[in-house]
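Coordinates from query-v4.txt are shown below (compact mmCIF, C-alpha atoms).
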```txt
# COMPACT_ATOMS: atom_id res chain seq x y z
CA MET A 30 33.82 253.00 187.18
CA ALA A 31 35.58 256.00 185.61
CA ALA A 32 36.20 257.84 188.89
CA PRO A 33 38.60 255.29 190.41
CA VAL A 34 40.64 255.20 187.20
CA LYS A 35 40.95 259.02 187.17
CA GLY A 36 41.93 259.01 190.85
CA GLY A 37 44.58 256.36 190.19
CA MET A 38 45.94 258.38 187.27
CA ASP A 39 46.25 261.47 189.49
CA MET A 40 48.07 259.44 192.11
CA PHE A 41 50.40 258.06 189.45
CA LYS A 42 51.20 261.56 188.14
CA ARG A 43 51.80 262.82 191.65
CA LYS A 44 54.18 259.94 192.41
CA MET A 45 55.94 260.49 189.11
CA SER A 46 56.38 264.21 189.86
CA LEU A 47 57.75 263.49 193.32
CA SER A 48 60.11 260.89 191.89
CA ILE A 49 61.43 263.33 189.30
CA ALA A 50 61.91 265.99 191.97
CA ALA A 51 63.71 263.53 194.24
CA LEU A 52 65.91 262.32 191.40
CA THR A 53 66.83 265.88 190.41
CA SER A 54 67.68 266.76 193.97
CA ALA A 55 69.76 263.64 194.43
CA VAL A 56 71.73 264.48 191.30
CA LEU A 57 72.30 268.00 192.62
CA LEU A 58 73.40 266.53 195.92
CA PHE A 59 76.01 264.29 194.36
CA ILE A 60 77.30 266.96 192.03
CA GLY A 61 77.54 269.39 194.89
CA ALA A 62 79.30 266.99 197.21
CA THR A 63 81.67 265.62 194.60
CA PHE A 64 82.79 268.63 192.67
CA ALA A 65 82.52 271.38 195.24
CA TRP A 66 80.25 273.31 192.95
CA LEU A 67 78.89 276.73 193.73
CA THR A 68 82.19 278.41 193.32
CA LEU A 69 82.79 281.99 192.36
CA SER A 70 79.89 284.20 193.31
CA ASP A 71 77.09 281.92 192.27
CA ILE A 72 73.67 283.23 193.19
CA VAL A 73 70.85 280.86 193.84
CA HIS A 74 67.36 282.26 193.45
CA LEU A 75 64.92 280.76 195.87
CA GLY A 76 61.50 282.28 195.64
CA GLY A 77 62.77 285.84 195.56
CA THR A 78 65.45 285.30 198.20
CA GLU A 79 69.01 285.55 197.03
CA VAL A 80 71.66 283.36 198.61
CA ALA A 81 75.15 284.29 197.53
CA VAL A 82 77.60 281.41 197.71
CA GLU A 83 81.16 282.56 197.31
CA ASP A 84 84.41 280.70 197.09
CA VAL A 85 86.95 280.49 199.90
CA GLU A 86 90.34 279.64 198.61
CA ALA A 87 93.82 280.14 199.99
CA THR A 88 97.27 278.96 199.11
CA ALA A 89 100.07 278.31 201.56
CA VAL A 90 103.77 278.00 200.94
CA LEU A 91 106.12 276.53 203.54
CA GLU A 92 109.57 278.08 203.59
CA THR A 93 112.68 277.60 205.69
CA SER A 94 115.66 279.75 206.53
CA ALA A 95 118.94 279.12 208.31
CA ASP A 96 118.66 282.18 210.52
CA GLY A 97 114.98 283.07 210.40
CA VAL A 98 115.77 286.42 208.84
CA SER A 99 116.84 285.96 205.26
CA GLY A 100 117.46 283.35 202.63
CA TRP A 101 113.98 281.85 202.75
CA THR A 102 113.55 278.91 200.43
CA SER A 103 110.50 276.84 199.69
CA THR A 104 110.25 273.39 201.18
CA SER A 105 107.64 270.69 200.95
CA ALA A 106 107.93 269.54 204.55
CA ILE A 107 109.84 269.86 207.78
CA ALA A 108 112.76 267.47 207.77
CA ILE A 109 115.15 267.86 210.68
CA ALA A 110 117.82 265.25 211.25
CA ASN A 111 120.54 264.87 213.86
CA ALA A 112 119.37 267.80 215.93
CA VAL A 113 121.26 268.60 219.10
CA PRO A 114 120.36 270.71 222.14
CA GLY A 115 120.27 274.38 221.31
CA ASP A 116 119.54 273.90 217.63
CA VAL A 117 116.86 276.21 216.21
CA PHE A 118 115.08 275.58 212.92
CA TYR A 119 113.18 278.42 211.29
CA TYR A 120 110.10 278.12 209.09
CA ARG A 121 107.37 280.36 207.79
CA LEU A 122 104.03 279.86 206.10
CA VAL A 123 103.09 282.43 203.51
CA ILE A 124 99.31 282.27 203.22
CA THR A 125 97.60 284.06 200.35
CA ASN A 126 93.90 284.61 199.99
CA VAL A 127 93.14 283.82 196.35
CA GLY A 128 89.40 283.55 196.87
CA ALA A 129 86.58 286.03 196.59
CA LYS A 130 85.98 286.60 200.29
CA PRO A 131 88.10 287.74 203.24
CA ILE A 132 89.17 284.69 205.22
CA ASP A 133 89.91 283.74 208.77
CA THR A 134 92.77 281.26 208.83
CA ALA A 135 94.32 278.98 211.41
CA VAL A 136 97.35 276.73 211.32
CA ALA A 137 97.04 273.37 213.04
CA PHE A 138 99.63 270.70 213.74
CA ILE A 139 97.82 267.39 213.70
CA GLY A 140 98.79 263.85 214.65
CA PHE A 141 102.10 262.89 216.25
CA SER A 142 104.10 259.72 216.56
CA ASN A 143 107.33 258.86 218.35
CA SER A 144 110.01 256.54 217.11
CA VAL A 145 113.74 255.86 217.05
CA ALA A 146 115.61 258.22 214.76
CA ASP A 147 118.12 255.66 213.56
CA ILE A 148 117.82 251.95 214.16
CA LEU A 149 121.60 251.74 214.20
CA GLY A 150 121.68 253.94 217.29
CA ASP A 151 120.76 253.23 220.88
CA ASP A 152 117.00 252.91 221.40
CA ALA A 153 117.15 253.12 225.19
CA ASN A 154 115.52 256.55 225.30
CA PHE A 155 112.65 255.39 223.12
CA GLN A 156 112.20 252.24 225.15
CA ALA A 157 112.11 254.40 228.26
CA GLY A 158 109.04 256.11 226.83
CA ARG A 159 110.62 259.49 226.22
CA SER A 160 109.25 261.76 223.52
CA LEU A 161 111.00 264.53 221.64
CA ALA A 162 107.74 266.47 222.00
CA ALA A 163 108.70 267.15 225.61
CA VAL A 164 111.80 269.11 224.62
CA LEU A 165 110.88 270.37 221.17
CA LEU A 166 109.97 274.03 221.64
CA TYR A 167 107.57 275.90 219.38
CA SER A 168 107.64 279.65 218.89
CA MET A 169 105.40 281.73 216.62
CA THR A 170 104.79 285.26 215.45
CA ASN A 171 102.71 286.39 212.50
CA THR A 172 101.93 289.41 210.42
CA ALA A 173 98.16 289.18 210.78
CA ASN A 174 97.82 289.83 214.49
CA THR A 175 99.86 290.33 217.63
CA ASP A 176 99.62 286.75 218.89
CA THR A 177 102.88 285.14 219.88
CA ILE A 178 103.98 281.80 221.26
CA THR A 179 107.42 281.60 222.81
CA ASP A 180 109.39 278.42 223.43
CA GLN A 181 106.47 276.22 224.38
CA PRO A 182 107.07 272.45 224.42
CA ILE A 183 104.92 270.78 221.81
CA GLN A 184 103.79 268.36 224.48
CA THR A 185 102.44 271.28 226.49
CA LEU A 186 100.69 272.84 223.49
CA ALA A 187 99.11 269.50 222.65
CA GLY A 188 97.80 269.15 226.18
CA GLY A 189 99.84 266.14 227.19
CA PRO A 190 101.83 263.24 225.77
CA VAL A 191 101.37 263.32 222.02
CA THR A 192 99.55 260.64 220.05
CA SER A 193 98.18 260.27 216.56
CA ALA A 194 95.04 262.04 217.80
CA SER A 195 96.85 265.00 219.33
CA GLN A 196 96.82 268.42 217.77
CA PHE A 197 97.47 272.03 218.57
CA TYR A 198 96.93 275.32 216.84
CA GLY A 199 100.15 277.05 215.98
CA ALA A 200 98.39 280.22 214.87
CA THR A 201 94.78 281.37 214.87
CA ASN A 202 92.60 284.28 213.87
CA LEU A 203 94.66 285.20 210.86
CA ASP A 204 92.40 287.61 209.00
CA ILE A 205 93.48 287.83 205.39
CA ALA A 206 91.88 290.21 202.89
CA VAL A 207 91.13 289.19 199.32
CA SER A 208 94.32 288.93 197.25
CA ASP A 209 96.37 289.66 200.34
CA SER A 210 99.01 287.54 202.07
CA GLU A 211 99.95 287.05 205.69
CA THR A 212 102.94 285.19 207.06
CA VAL A 213 103.23 282.90 210.05
CA TYR A 214 106.79 282.66 211.32
CA PHE A 215 107.50 279.69 213.53
CA SER A 216 110.55 277.97 214.86
CA LEU A 217 111.25 274.58 216.32
CA SER A 218 114.12 274.44 218.75
CA ILE A 219 115.70 271.70 220.75
CA ALA A 220 115.69 272.69 224.40
CA GLU A 221 119.16 273.40 225.72
CA THR A 222 118.21 271.43 228.80
CA MET A 223 117.48 268.35 226.73
CA GLY A 224 120.56 266.52 227.95
CA ASN A 225 121.39 263.08 226.73
CA ASP A 226 118.00 261.61 227.59
CA TYR A 227 116.48 262.43 224.22
CA GLN A 228 119.19 261.23 221.91
CA ASN A 229 118.17 259.26 218.85
CA LEU A 230 114.48 260.07 219.22
CA LYS A 231 112.26 261.05 216.33
CA LEU A 232 108.97 262.92 216.30
CA THR A 233 106.74 262.76 213.25
CA ILE A 234 103.94 265.26 212.73
CA ASP A 235 101.36 263.80 210.39
CA LEU A 236 100.38 267.11 208.85
CA ILE A 237 100.36 270.84 209.14
CA SER A 238 96.91 272.06 208.16
CA VAL A 239 96.24 275.62 207.04
CA GLN A 240 92.50 276.00 207.54
CA SER A 241 90.49 278.89 206.15
CA ILE A 242 86.88 279.91 206.43
CA ALA A 243 85.05 282.94 205.14
CA ASP A 244 85.56 285.87 207.45
CA GLU A 245 82.16 287.43 207.97
CA GLY A 246 83.37 289.66 210.78
CA MET B 4 47.82 272.16 189.58
CA ARG B 5 48.77 274.93 192.06
CA THR B 6 49.13 272.36 194.82
CA LYS B 7 51.38 270.25 192.64
CA ILE B 8 53.64 273.23 191.89
CA ARG B 9 53.75 274.12 195.57
CA ILE B 10 54.72 270.58 196.51
CA LEU B 11 57.37 270.45 193.81
CA THR B 12 58.76 273.83 194.90
CA LEU B 13 58.91 272.79 198.56
CA LEU B 14 60.54 269.48 197.69
CA SER B 15 63.07 271.19 195.45
CA LEU B 16 63.83 273.71 198.18
CA PHE B 17 64.23 270.95 200.75
CA PHE B 18 66.60 268.90 198.66
CA LEU B 19 68.56 271.92 197.55
CA LEU B 20 69.10 272.95 201.15
CA ALA B 21 70.04 269.38 201.99
CA ALA B 22 72.58 269.41 199.17
CA LEU B 23 73.98 272.70 200.42
CA ALA B 24 74.22 271.27 203.91
CA VAL B 25 76.13 268.24 202.71
CA VAL B 26 78.45 270.39 200.64
CA GLY B 27 78.87 272.74 203.56
CA MET B 28 79.71 269.94 205.97
CA THR B 29 82.05 268.32 203.51
CA TYR B 30 84.06 271.44 202.90
CA GLY B 31 83.80 273.02 206.34
CA TRP B 32 81.10 275.38 205.19
CA PHE B 33 82.90 276.83 202.32
CA GLY B 34 86.19 276.59 204.10
CA GLN B 35 89.44 275.34 202.73
CA SER B 36 92.42 273.48 204.07
CA VAL B 37 95.95 273.37 202.71
CA THR B 38 98.04 270.60 204.23
CA PHE B 39 101.71 269.74 204.47
CA THR B 40 102.17 266.11 205.34
CA THR B 41 104.74 264.09 207.27
CA GLU B 42 106.98 266.44 209.18
CA ASN B 43 109.98 264.75 210.79
CA ILE B 44 112.17 266.00 213.61
CA ALA B 45 114.95 263.71 214.78
CA ALA B 46 117.59 264.16 217.45
CA GLY B 47 121.10 262.95 216.90
CA ASP B 48 123.03 260.62 219.15
CA LEU B 49 126.55 259.71 220.19
CA ARG B 50 128.08 256.49 218.96
CA TYR B 51 131.50 255.85 220.38
CA THR B 52 133.10 252.50 220.88
CA GLU B 53 136.11 252.27 223.11
CA THR B 54 139.05 249.89 223.25
CA GLY B 55 142.06 249.54 225.52
CA ALA B 56 143.05 247.99 228.80
CA PHE B 57 145.29 248.32 231.78
CA ILE B 58 147.49 245.49 232.88
CA ALA B 59 145.74 243.11 235.26
CA ASN B 60 144.54 244.43 238.57
CA ASP B 61 146.61 243.59 241.62
CA THR B 62 149.76 243.35 239.57
CA ILE B 63 152.78 244.43 241.58
CA VAL B 64 154.39 247.27 239.71
CA VAL B 65 157.56 249.29 240.00
CA PRO B 66 158.34 252.85 238.92
CA GLY B 67 158.57 253.17 235.18
CA GLN B 68 156.59 250.00 234.52
CA GLU B 69 154.04 250.31 231.73
CA LEU B 70 150.51 250.11 233.09
CA ILE B 71 148.74 250.09 229.70
CA ALA B 72 148.31 246.67 228.14
CA THR B 73 146.38 247.90 225.12
CA PRO B 74 146.33 251.57 224.06
CA ILE B 75 143.13 253.34 225.03
CA ALA B 76 141.29 254.51 221.94
CA VAL B 77 137.81 255.33 220.68
CA ASP B 78 136.06 255.00 217.35
CA ASN B 79 133.60 257.80 216.67
CA ASP B 80 130.67 256.81 214.46
CA SER B 81 128.30 259.50 215.74
CA PRO B 82 126.05 261.15 213.14
CA ILE B 83 126.52 264.49 214.91
CA THR B 84 129.48 266.55 216.02
CA SER B 85 130.66 265.88 219.54
CA GLN B 86 133.17 266.87 222.18
CA LEU B 87 135.54 264.65 224.14
CA ARG B 88 137.65 265.02 227.24
CA VAL B 89 139.62 262.71 229.48
CA LEU B 90 140.11 262.67 233.23
CA VAL B 91 143.16 260.88 234.62
CA THR B 92 143.48 260.38 238.35
CA TYR B 93 146.04 258.44 240.34
CA ASP B 94 147.19 257.89 243.88
CA ARG B 95 150.09 260.19 244.66
CA CYS B 96 152.10 259.17 247.69
CA THR B 97 154.33 261.52 249.66
CA ASN B 98 156.07 261.31 252.98
CA PRO B 99 155.83 264.52 254.99
CA GLY B 100 156.45 262.44 258.11
CA THR B 101 154.25 259.50 257.38
CA VAL B 102 153.46 258.12 253.95
CA THR B 103 150.22 259.58 252.68
CA CYS B 104 148.59 258.64 249.37
CA VAL B 105 146.04 261.07 247.94
CA GLU B 106 143.98 260.74 244.77
CA THR B 107 145.33 263.36 242.41
CA THR B 108 144.28 264.60 238.99
CA TYR B 109 147.02 264.26 236.42
CA ALA B 110 147.83 267.62 234.89
CA ASP B 111 151.32 267.04 233.55
CA ALA B 112 152.58 269.28 236.32
CA VAL B 113 156.21 269.21 237.41
CA ASP B 114 155.31 267.43 240.63
CA ASP B 115 153.02 264.86 239.05
CA HIS B 116 154.28 261.38 239.87
CA LEU B 117 152.61 259.91 236.81
CA ALA B 118 153.82 259.94 233.21
CA VAL B 119 151.06 259.79 230.63
CA THR B 120 151.40 259.78 226.87
CA PHE B 121 148.31 261.08 225.10
CA GLY B 122 147.40 260.82 221.47
CA THR B 123 147.75 263.98 219.43
CA GLY B 124 145.47 266.94 220.00
CA PHE B 125 144.92 266.79 223.77
CA SER B 126 145.34 269.83 226.02
CA TYR B 127 144.94 270.11 229.78
CA ILE B 128 142.30 272.66 230.79
CA SER B 129 140.90 272.93 234.32
CA GLY B 130 141.20 269.32 235.40
CA TYR B 131 140.49 267.60 232.10
CA TRP B 132 142.38 266.70 228.97
CA TYR B 133 140.28 268.05 226.12
CA TYR B 134 140.61 266.86 222.59
CA THR B 135 141.23 270.22 221.03
CA PRO B 136 143.73 270.19 218.21
CA GLY B 137 145.18 273.63 217.72
CA THR B 138 144.39 276.36 220.20
CA PRO B 139 143.28 274.85 223.54
CA VAL B 140 139.55 275.35 224.06
CA THR B 141 136.91 273.38 225.87
CA THR B 142 134.43 273.61 223.03
CA TYR B 143 136.26 271.99 220.15
CA GLU B 144 133.85 269.87 218.13
CA ILE B 145 134.87 266.57 216.66
CA ALA B 146 133.39 265.99 213.24
CA ALA B 147 130.62 263.45 212.80
CA ALA B 148 131.84 259.91 212.13
CA SER B 149 135.45 261.01 212.54
CA GLY B 150 136.59 257.44 213.06
CA PRO B 151 139.35 256.02 215.30
CA MET B 152 141.16 258.27 217.75
CA THR B 153 143.99 257.33 220.07
CA ILE B 154 143.50 258.59 223.61
CA ILE B 155 146.36 257.24 225.71
CA THR B 156 149.22 255.02 224.68
CA SER B 157 151.25 254.88 227.87
CA ILE B 158 150.88 255.38 231.62
CA SER B 159 153.56 254.72 234.20
CA TYR B 160 154.71 256.02 237.54
CA ASP B 161 157.64 258.36 236.95
CA GLY B 162 160.76 256.73 238.29
CA ASP B 163 162.45 260.10 238.70
CA LEU B 164 159.80 261.30 241.12
CA THR B 165 158.55 258.21 242.87
CA GLY B 166 160.65 256.76 245.63
CA ILE B 167 160.61 254.33 248.46
CA ASP B 168 157.46 256.01 249.73
CA TYR B 169 155.43 253.84 247.37
CA GLY B 170 156.84 250.62 248.74
CA GLY B 171 154.03 248.40 249.98
CA GLN B 172 151.30 250.88 249.06
CA ASN B 173 148.13 250.03 247.20
CA VAL B 174 147.72 252.57 244.42
CA SER B 175 145.21 253.02 241.68
CA VAL B 176 145.09 254.81 238.38
CA SER B 177 141.85 255.74 236.64
CA VAL B 178 141.10 256.99 233.16
CA THR B 179 137.63 258.35 232.44
CA ILE B 180 136.59 259.32 228.91
CA GLN B 181 133.68 261.72 228.63
CA VAL B 182 131.82 262.77 225.52
CA LYS B 183 128.88 265.03 224.85
CA GLN B 184 126.90 266.12 221.86
CA ALA B 185 126.88 269.89 222.10
CA ASP B 186 127.68 272.91 224.18
CA ASN B 187 124.39 272.76 226.02
CA VAL B 188 124.72 269.26 227.35
CA ALA B 189 126.42 268.05 230.50
CA TRP B 190 129.38 265.76 230.06
CA THR B 191 128.60 262.11 230.38
CA SER B 192 131.08 259.34 230.92
CA LEU B 193 131.67 257.14 227.95
CA SER B 194 133.89 254.71 229.77
CA GLY B 195 136.24 254.36 232.65
CA TYR B 196 139.42 252.37 232.96
CA ASP B 197 140.80 251.53 236.37
CA PHE B 198 143.94 249.93 237.55
CA ALA B 199 144.83 249.06 241.10
CA THR B 200 147.70 247.11 242.37
CA GLY B 201 149.07 245.96 245.65
CA TYR B 202 150.91 243.24 247.29
CA PRO B 203 149.19 239.89 247.44
CA ALA B 204 147.37 239.34 250.68
```
Produce structure tokens that represent the structure in this file.
Amino acid sequence: MAAPVKGGMDMFKRKMSLSIAALTSAVLLFIGATFAWLTLSDIVHLGGTEVAVEDVEATAVLETSADGVSGWTSTSAIAIANAVPGDVFYYRLVITNVGAKPIDTAVAFIGFSNSVADILGDDANFQAGRSLAAVLLYSMTNTANTDTITDQPIQTLAGGPVTSASQFYGATNLDIAVSDSETVYFSLSIAETMGNDYQNLKLTIDLISVQSIADEG
Amino acid sequence: MRTKIRILTLLSLFFLLAALAVVGMTYGWFGQSVTFTTENIAAGDLRYTETGAFIANDTIVVPGQELIATPIAVDNDSPITSQLRVLVTYDRCTNPGTVTCVETTYADAVDDHLAVTFGTGFSYISGYWYYTPGTPVTTYEIAAASGPMTIITSISYDGDLTGIDYGGQNVSVSVTIQVKQADNVAWTSLSGYDFATGYPA
């Protein structure tokens, strides 16, 4: 009669051990997912194998200038009102690698929506289905590589009529060393050929995303 | 005991890797994203309202008779700078043997048969009367929301130059106001005013 009791006790201990292990792992999982743990140069020892987990962190500052050459001032967002054909608006993103690893960075423009600029104005162009994205030209140079984009309609870069799901990359492959900075210069211009067909239209870009990953290259 | 440790080690390893995977997926595998939200780009537009009127069509007129019933004017409420010009055409009748009436652009020339009184600031340049106070240029920009502006207060056939040649002729006078928003845009007609007269059928 003693054998079954001992066997049951072993089973109980085994289940208890597995439960404790599962609970511990679950706690680790939540902590890891919630607080982005494993930051600066943590080293996890796994049976003699070392896995170094290092932090990737970058800052980005959006700046604007009247002429694209001097007088750069920080701005929180692009806000262009009452633009007319031929207008050019200059911006730059100063991206600094403040992490512990070299990074590969890209700049994405994500999510677009069209609307009337001023409800007091004529909405005929909006009702006709026209989008400012068709005549809003994007140009880009940067200090990290030789890539350039010159006067490309946003609609073309986004691969067609823009929607909330549209996006395009305004700069890619920006390799930034630790503690170093690179700058993406971009301009938005209103095509001189815009004519009167795009009056009183507004284009909203949901966000500009500066995305960085560790550069292992 | 060794089996238990092995199981615990494997389980710990499994869950740790799972946790790393979740963290990695959540943060783009140790990537980072800085975002700037809600970027707005808006184009301006032209907002002009026009007023004014000729006397009634088909009115029989004589040289020197006023053809403007209400002065032609605009009210600029545009949020952007703009440019404005006016085209005035009329039928000019001459008699080199037979009476011939030809549509002519009014340029305030010595042989123009029309007398037009513009508001201040208009200059004739290459077929059009540009609103260009000061030095005549075709690129003068009117300030945003500049308000009311008088275009034409009087139009009449000049009695000193028109004669019997006009007797019994149907003539017309047309005023076309054009505005545009910038140098890089083609002119577009804001409004047109027409007057035609003739003898009753």
In Å, rounded to a single decimal, give me how far atom CA of Leu236 of chain A is from atom CA of Gly140 of chain A.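 If I compute the distance from atom CA of Gly140 of chain A to atom CA of Leu236 of chain A, I get 6.8 Å.
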Using all atoms listed in the file, what does the table of chain A residues within 8 Å of chain B look like, with each row giving the shortest atom pair and its distance in Å to one decimal, sorted by chain and ascending number, as CSV?
```
residue,atom,partner,partner_atom,distance
A:Arg43,CA,B:Lys7,CA,7.5
A:Ser46,CA,B:Leu11,CA,7.5
A:Leu47,CA,B:Leu11,CA,7.0
A:Ala50,CA,B:Ser15,CA,6.4
A:Ala51,CA,B:Phe18,CA,7.5
A:Ser54,CA,B:Phe18,CA,5.3
A:Ala55,CA,B:Phe18,CA,7.5
A:Leu57,CA,B:Ala22,CA,6.7
A:Leu58,CA,B:Ala22,CA,4.4
A:Phe59,CA,B:Ala22,CA,7.8
A:Gly61,CA,B:Val26,CA,5.9
A:Ala62,CA,B:Val26,CA,4.9
A:Ala65,CA,B:Val26,CA,6.8
A:Leu75,CA,B:Leu16,CA,7.5
A:Glu83,CA,B:Phe33,CA,7.8
A:Asp84,CA,B:Phe33,CA,6.7
A:Val85,CA,B:Gly34,CA,5.8
A:Glu86,CA,B:Gln35,CA,6.0
A:Ala87,CA,B:Gln35,CA,7.1
A:Thr88,CA,B:Val37,CA,6.8
A:Ala89,CA,B:Val37,CA,6.5
A:Ser105,CA,B:Phe39,CA,7.0
A:Ala106,CA,B:Glu42,CA,5.7
A:Ile107,CA,B:Glu42,CA,4.7
A:Ala108,CA,B:Asn43,CA,4.9
A:Ile109,CA,B:Ile44,CA,4.6
A:Ala110,CA,B:Ala45,CA,4.8
A:Asn111,CA,B:Gly47,CA,3.6
A:Ala112,CA,B:Ala46,CA,4.3
A:Val113,CA,B:Ala46,CA,6.0
A:Pro114,CA,B:Asn187,CA,6.0
A:Gly115,CA,B:Asn187,CA,6.5
A:Ala146,CA,B:Ala45,CA,5.5
A:Gly150,CA,B:Asp48,CA,7.1
A:Asp151,CA,B:Asp48,CA,7.9
A:Leu161,CA,B:Ala46,CA,7.8
A:Glu221,CA,B:Asn187,CA,5.3
A:Thr222,CA,B:Asn187,CA,6.9
A:Met223,CA,B:Val188,CA,7.3
A:Gly224,CA,B:Val188,CA,5.0
A:Asn225,CA,B:Val188,CA,7.0
A:Tyr227,CA,B:Ala46,CA,7.1
A:Gln228,CA,B:Asp48,CA,4.8
A:Asn229,CA,B:Asp48,CA,5.1
A:Leu230,CA,B:Ala46,CA,5.4
A:Lys231,CA,B:Ala45,CA,4.1
A:Leu232,CA,B:Ile44,CA,5.2
A:Thr233,CA,B:Asn43,CA,4.5
A:Ile234,CA,B:Glu42,CA,4.8
A:Asp235,CA,B:Thr41,CA,4.6
A:Leu236,CA,B:Thr40,CA,4.1
A:Ile237,CA,B:Phe39,CA,5.0
A:Ser238,CA,B:Thr38,CA,4.3
A:Val239,CA,B:Val37,CA,4.9
A:Gln240,CA,B:Ser36,CA,4.3
A:Ser241,CA,B:Gln35,CA,5.0
A:Ile242,CA,B:Gly34,CA,4.1
A:Ala243,CA,B:Gly34,CA,6.5
```
List every residue of segment 111-188 of chain B that has an atom at most 12 Å from any atom of segment 59-62 of chain B, giving for each one its closest atom pair and the distance in Å to one decimal, counting all atoms listed in the file, sorted by chain and then by ascending residue number, as JSON lines.
```
{"residue": "B:Gln172", "atom": "CA", "partner": "B:Asp61", "partner_atom": "CA", "distance": 11.4}
{"residue": "B:Asn173", "atom": "CA", "partner": "B:Asp61", "partner_atom": "CA", "distance": 8.7}
{"residue": "B:Val174", "atom": "CA", "partner": "B:Asp61", "partner_atom": "CA", "distance": 9.5}
{"residue": "B:Ser175", "atom": "CA", "partner": "B:Asn60", "partner_atom": "CA", "distance": 9.2}
{"residue": "B:Val176", "atom": "CA", "partner": "B:Asn60", "partner_atom": "CA", "distance": 10.4}
{"residue": "B:Ser177", "atom": "CA", "partner": "B:Asn60", "partner_atom": "CA", "distance": 11.8}
```
Given the choices A:Ala137, A:Leu186, A:Ala206, A:Ile148, which gets closest to Val164 of chain A if the distance is worked out from all atoms listed in the file?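 Closest candidate: A:Leu186.
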Residues near Ala118 of chain B, cut-off 9 Å, all atoms listed in the file, skip fewer than 6 positions along chain, as a PyMOL selection string: chain B and resi 67+109+111+157-161
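One finds atom CA of Glu106 of chain B at 23.3 Å from atom CA of Tyr134 of chain B.
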For atom CA of Thr172 of chain A and atom CA of Thr93 of chain A, the interatomic separation in Å (one decimal):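 Separating atom CA of Thr172 of chain A from atom CA of Thr93 of chain A is a distance of 16.7 Å.
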So that I can check the surroundings of Thr156 of chain B, please list as a count of residues only every protein, DNA and RNA residue that reaches within 7 Å of it, counting all atoms listed in the file and ignoring chain neighbours fewer than 3 positions away. 5
A:Ser216, A:Ala157, A:Ile205, A:Val145: which is nearest Ile178 of chain A, counting all atoms listed in the file?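 Closest to Ile178 of chain A of all the choices is A:Ser216.
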Show which residues sit within 9 Å of Tyr131 of chain B, as an MDAnalysis selection string. Count only C-alpha atoms, and ignore same-chain residues fewer than 4 positions away. chainID B and resid 88:91 108:110 126:127
Residues from last step as file, C-alpha atoms, as a JSON list (two decimals), in the coordinates of the input:
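As written to disk, part29.json reads:
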```json
[["chain", "number", "residue", "atom", "x", "y", "z"],
["B", 88, "ARG", "CA", 137.65, 265.02, 227.24],
["B", 89, "VAL", "CA", 139.62, 262.71, 229.48],
["B", 90, "LEU", "CA", 140.11, 262.67, 233.23],
["B", 91, "VAL", "CA", 143.16, 260.88, 234.62],
["B", 108, "THR", "CA", 144.28, 264.60, 238.99],
["B", 109, "TYR", "CA", 147.02, 264.26, 236.42],
["B", 110, "ALA", "CA", 147.83, 267.62, 234.89],
["B", 126, "SER", "CA", 145.34, 269.83, 226.02],
["B", 127, "TYR", "CA", 144.94, 270.11, 229.78]]
```
For Ala162 of chain A, list every protein, DNA or RNA residue within 9 Å, evaluated using only C-alpha atoms, and leave out those in the same chain fewer than 4 positions away; present the list as a PyMOL selection string. chain A and resi 141+143+166+182-185+190-191+232
